[in-house]
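Everything on this sheet refers to the single structure shown next.
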Amino acid sequence: MATISNIKDKIKKVFPVKQASVLFEVVDIVNETVKVSDFNELKEIVRELAHTQKELAEAQKRTEQRLEELAEAQKRTEEEVAILAKGLTQLRKEVGGLSLTMSYAFENESYRMLPKFLKENYGIEIKEKLIRAEIGGKEINIFGKARKNGKEVFIVGESKLRLDERKEQSIEKVFNELEEKVKAVQDEYGKVDVVRVLITHYATKGFQKKAKEKGIIIVQSFEW
């Protein structure tokens, strides 16, 4: 038969100090007040508590391991996201560079084709070679001097790959940018007459209508 001392030794091995101290008190009280059968039942309860404590400890250990695995997985995910973000940034640069190259190529073509188109369709005769210029801190895609009805005018144009009135913010931005460049030219040369031109591969009918209302010439590449 186990002695009180043996029971306490077992309790010390299984439970933390604070819990063991409380159980010691319980054992002492039980030793003084209960019968042997009751005491045996108490020992079984203590054994079950010890088993439960062990299971809780193992469960906690498994939880901590799982948390470590999740932390590692999160770290790997963050690294992969960082790599993806870097790749996306590089892709945007490459796409932006390609778009810029296409825009310059389109502008270069317009310098060659616009003079004939403007003369045949609008009676505007280019007097100086169309160029890309910076005036008043603004980069003007298409700039040059011309004559219309015997009067000198300035050509101020922008090139856009596509013009679509369904993109409300985009359409206002296009018109505003063009007007800013017209103002820069007029600040530089005085209140000269300016022919506003937008060249594009394609402009929707809605955009053409809005541009016409503002006195802007739309030239689509398939027209020249």
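Going by the structure tokens order, chains are called A, B, ..., each with residues numbered from 1, while ligands are numbered from 1 in the order shown.
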
Using only C-alpha atoms, find each residue in segment 99-157 of chain A having at least one atom no more than 10 Å away from segment 179-186 of chain A; report its shortest atom-to-atom pair and that distance in Å (one decimal), rows by chain then rising number, as a Markdown table.
| residue | atom | partner | partner_atom | distance |
| --- | --- | --- | --- | --- |
| A:Glu134 | CA | A:Ala184 | CA | 9.4 |
| A:Ile135 | CA | A:Ala184 | CA | 6.2 |
| A:Gly136 | CA | A:Ala184 | CA | 5.2 |
| A:Gly137 | CA | A:Ala184 | CA | 7.9 |
| A:Lys138 | CA | A:Lys181 | CA | 6.2 |
| A:Glu139 | CA | A:Lys181 | CA | 7.7 |
| A:Ile140 | CA | A:Lys181 | CA | 6.6 |
| A:Asn141 | CA | A:Lys181 | CA | 9.7 |
| A:Phe143 | CA | A:Val185 | CA | 9.4 |
| A:Phe154 | CA | A:Val185 | CA | 8.5 |
| A:Ile155 | CA | A:Val182 | CA | 9.1 |
| A:Val156 | CA | A:Val182 | CA | 6.5 |
| A:Gly157 | CA | A:Lys181 | CA | 8.7 |

Checklist entry - Using the chain letters and numbers from this document, which residues of segment 23-173 of chain A does DSSP assign to alpha helix (DSSP H), as a PyMOL selection string? => result chain A and resi 23-33+36-122+168-173

How about saving the chosen residues, C-alpha atoms kept, as a short mmCIF file (atom, residue, chain, number, x, y, z; two decimals), in the first residue's frame?
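Once written, part.cif looks like this:
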data_model
loop_
_atom_site.label_atom_id
_atom_site.label_comp_id
_atom_site.auth_asym_id
_atom_site.auth_seq_id
_atom_site.Cartn_x
_atom_site.Cartn_y
_atom_site.Cartn_z
CA LEU A 23 -2.55 18.71 -3.70
CA PHE A 24 -0.32 18.10 -0.65
CA GLU A 25 -2.90 19.92 1.47
CA VAL A 26 -5.69 17.86 -0.02
CA VAL A 27 -3.78 14.63 0.65
CA ASP A 28 -3.16 15.63 4.25
CA ILE A 29 -6.83 16.42 4.81
CA VAL A 30 -7.91 13.21 3.15
CA ASN A 31 -5.42 11.20 5.20
CA GLU A 32 -7.06 12.44 8.35
CA THR A 33 -10.71 12.19 7.34
CA VAL A 36 -8.93 3.50 2.87
CA SER A 37 -11.46 2.90 0.10
CA ASP A 38 -12.00 6.63 -0.24
CA PHE A 39 -8.27 7.17 -0.27
CA ASN A 40 -7.85 4.64 -3.06
CA GLU A 41 -10.49 6.49 -5.04
CA LEU A 42 -8.60 9.70 -4.44
CA LYS A 43 -5.41 8.09 -5.74
CA GLU A 44 -7.28 7.16 -8.92
CA ILE A 45 -8.44 10.74 -9.29
CA VAL A 46 -4.87 11.98 -8.84
CA ARG A 47 -3.70 9.44 -11.43
CA GLU A 48 -6.33 10.67 -13.90
CA LEU A 49 -5.37 14.27 -13.24
CA ALA A 50 -1.75 13.40 -13.92
CA HIS A 51 -2.74 11.70 -17.16
CA THR A 52 -4.83 14.70 -18.18
CA GLN A 53 -1.92 17.01 -17.34
CA LYS A 54 0.33 14.94 -19.57
CA GLU A 55 -2.16 15.01 -22.42
CA LEU A 56 -2.52 18.78 -22.08
CA ALA A 57 1.26 19.17 -22.15
CA GLU A 58 1.49 17.05 -25.30
CA ALA A 59 -1.36 18.98 -26.91
CA GLN A 60 0.37 22.26 -26.08
CA LYS A 61 3.59 20.92 -27.58
CA ARG A 62 1.78 19.93 -30.79
CA THR A 63 0.11 23.36 -30.92
CA GLU A 64 3.48 25.10 -30.55
CA GLN A 65 4.92 22.94 -33.32
CA ARG A 66 1.97 23.78 -35.54
CA LEU A 67 2.40 27.49 -34.82
CA GLU A 68 6.06 27.22 -35.79
CA GLU A 69 5.07 25.49 -39.03
CA LEU A 70 2.51 28.22 -39.75
CA ALA A 71 5.11 30.90 -39.03
CA GLU A 72 7.51 29.22 -41.46
CA ALA A 73 4.76 28.92 -44.07
CA GLN A 74 3.90 32.60 -43.62
CA LYS A 75 7.56 33.53 -43.99
CA ARG A 76 7.80 31.54 -47.22
CA THR A 77 4.58 33.14 -48.48
CA GLU A 78 5.91 36.63 -47.72
CA GLU A 79 9.13 35.81 -49.56
CA GLU A 80 7.17 34.51 -52.56
CA VAL A 81 4.94 37.61 -52.54
CA ALA A 82 8.06 39.82 -52.44
CA ILE A 83 9.52 37.95 -55.41
CA LEU A 84 6.21 38.21 -57.27
CA ALA A 85 5.98 41.95 -56.53
CA LYS A 86 9.52 42.44 -57.81
CA GLY A 87 8.69 40.49 -60.96
CA LEU A 88 5.49 42.50 -61.46
CA THR A 89 7.40 45.76 -61.07
CA GLN A 90 9.90 44.62 -63.67
CA LEU A 91 7.09 43.55 -66.00
CA ARG A 92 5.43 46.95 -65.64
CA LYS A 93 8.72 48.64 -66.51
CA GLU A 94 9.11 46.47 -69.57
CA VAL A 95 5.50 47.03 -70.67
CA GLY A 96 5.89 50.75 -70.01
CA GLY A 97 9.08 50.78 -72.05
CA LEU A 98 7.36 48.93 -74.89
CA SER A 99 4.42 51.33 -74.78
CA LEU A 100 6.79 54.30 -74.88
CA THR A 101 8.66 52.80 -77.83
CA MET A 102 5.38 52.27 -79.69
CA SER A 103 4.31 55.84 -78.93
CA TYR A 104 7.56 57.28 -80.27
CA ALA A 105 7.32 55.12 -83.40
CA PHE A 106 3.74 56.29 -83.90
CA GLU A 107 4.77 59.94 -83.50
CA ASN A 108 7.64 59.52 -85.96
CA GLU A 109 5.18 58.16 -88.51
CA SER A 110 2.82 61.08 -87.92
CA TYR A 111 5.55 63.64 -88.68
CA ARG A 112 5.79 62.13 -92.14
CA MET A 113 2.08 61.62 -92.82
CA LEU A 114 0.34 64.57 -91.12
CA PRO A 115 1.39 67.38 -93.48
CA LYS A 116 -0.35 65.82 -96.48
CA PHE A 117 -3.40 64.80 -94.44
CA LEU A 118 -3.90 68.25 -92.88
CA LYS A 119 -3.49 70.00 -96.23
CA GLU A 120 -5.91 67.74 -98.10
CA ASN A 121 -8.56 67.57 -95.38
CA TYR A 122 -8.30 70.91 -93.54
CA GLU A 168 -14.48 59.46 -68.21
CA GLN A 169 -11.33 60.25 -66.23
CA SER A 170 -9.16 59.41 -69.21
CA ILE A 171 -11.02 61.67 -71.64
CA GLU A 172 -10.84 64.68 -69.35
CA LYS A 173 -7.16 64.02 -68.74
#

Using only C-alpha atoms, tabulate the residues of segment 114-174 of chain A lying at most 7 Å from any atom of segment 197-217 of chain A, each with its closest atom pair and that distance in Å to one decimal, by chain and increasing residue number, as JSON lines.
{"residue": "A:Val156", "atom": "CA", "partner": "A:Val197", "partner_atom": "CA", "distance": 6.2}
{"residue": "A:Gly157", "atom": "CA", "partner": "A:Val197", "partner_atom": "CA", "distance": 4.4}
{"residue": "A:Glu158", "atom": "CA", "partner": "A:Leu198", "partner_atom": "CA", "distance": 5.0}
{"residue": "A:Ser159", "atom": "CA", "partner": "A:Ile199", "partner_atom": "CA", "distance": 4.8}
{"residue": "A:Lys160", "atom": "CA", "partner": "A:Thr200", "partner_atom": "CA", "distance": 5.0}
{"residue": "A:Leu161", "atom": "CA", "partner": "A:Thr200", "partner_atom": "CA", "distance": 5.0}
{"residue": "A:Arg162", "atom": "CA", "partner": "A:Tyr202", "partner_atom": "CA", "distance": 5.1}
{"residue": "A:Leu163", "atom": "CA", "partner": "A:Ala203", "partner_atom": "CA", "distance": 4.5}
{"residue": "A:Asp164", "atom": "CA", "partner": "A:Thr204", "partner_atom": "CA", "distance": 5.4}
{"residue": "A:Glu165", "atom": "CA", "partner": "A:Phe207", "partner_atom": "CA", "distance": 4.6}

Write to file, as a tab-separated table (two decimals), in the first residue's frame, the residues of the selection just made, with N, CA and C atoms.
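Below you can see result30.tsv, which holds the result:
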chain	number	residue	atom	x	y	z
A	156	VAL	N	-0.33	72.08	-82.40
A	156	VAL	CA	0.00	71.47	-81.11
A	156	VAL	C	-0.77	70.15	-81.03
A	157	GLY	N	-0.02	69.06	-81.00
A	157	GLY	CA	-0.68	67.77	-81.04
A	157	GLY	C	-0.16	66.77	-80.01
A	158	GLU	N	-1.03	65.80	-79.70
A	158	GLU	CA	-0.69	64.72	-78.79
A	158	GLU	C	-0.97	63.40	-79.50
A	159	SER	N	-0.18	62.38	-79.18
A	159	SER	CA	-0.44	61.05	-79.75
A	159	SER	C	-0.90	60.11	-78.64
A	160	LYS	N	-1.96	59.37	-78.92
A	160	LYS	CA	-2.51	58.39	-78.00
A	160	LYS	C	-2.84	57.13	-78.80
A	161	LEU	N	-2.52	55.98	-78.24
A	161	LEU	CA	-2.77	54.74	-78.97
A	161	LEU	C	-4.26	54.49	-79.17
A	162	ARG	N	-5.08	54.90	-78.19
A	162	ARG	CA	-6.53	54.69	-78.30
A	162	ARG	C	-7.24	55.79	-77.53
A	163	LEU	N	-8.36	56.27	-78.09
A	163	LEU	CA	-9.16	57.31	-77.44
A	163	LEU	C	-10.59	56.78	-77.28
A	164	ASP	N	-11.05	56.76	-76.03
A	164	ASP	CA	-12.35	56.14	-75.74
A	164	ASP	C	-13.09	57.01	-74.74
A	165	GLU	N	-14.27	57.52	-75.13
A	165	GLU	CA	-15.02	58.43	-74.25
A	165	GLU	C	-15.64	57.70	-73.06

Near-Glu128 of chain A list (9 Å; only C-alpha atoms; drop same-chain fewer than 5 positions) as a short mmCIF file (atom, residue, chain, number, x, y, z; two decimals) with N, CA and C atoms, in the first residue's frame:
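Dumped to part07.cif:
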data_model
loop_
_atom_site.label_atom_id
_atom_site.label_comp_id
_atom_site.auth_asym_id
_atom_site.auth_seq_id
_atom_site.Cartn_x
_atom_site.Cartn_y
_atom_site.Cartn_z
N GLY A 144 4.61 72.48 -84.63
CA GLY A 144 5.12 73.09 -85.86
C GLY A 144 4.31 74.31 -86.25
N LYS A 145 4.84 75.07 -87.20
CA LYS A 145 4.15 76.25 -87.72
C LYS A 145 3.52 75.90 -89.06
N ALA A 146 2.35 76.50 -89.30
CA ALA A 146 1.62 76.23 -90.55
C ALA A 146 0.84 77.47 -90.96
#

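Atom pair atom CA of Trp224 of chain A / atom CA of Arg166 of chain A: separated by 25.4 Å.
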
Item to check | Every residue of segment 108-139 of chain A that DSSP places in strand (DSSP E), as a list in words | outcome: Ile124, Glu125, Ile126, Ile131, Arg132, Ala133, Glu134, Ile135, Lys138 and Glu139 of chain A

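Computed from the coordinates, the atom CA of Val195 of chain A to atom CA of Val219 of chain A distance equals 12.7 Å.
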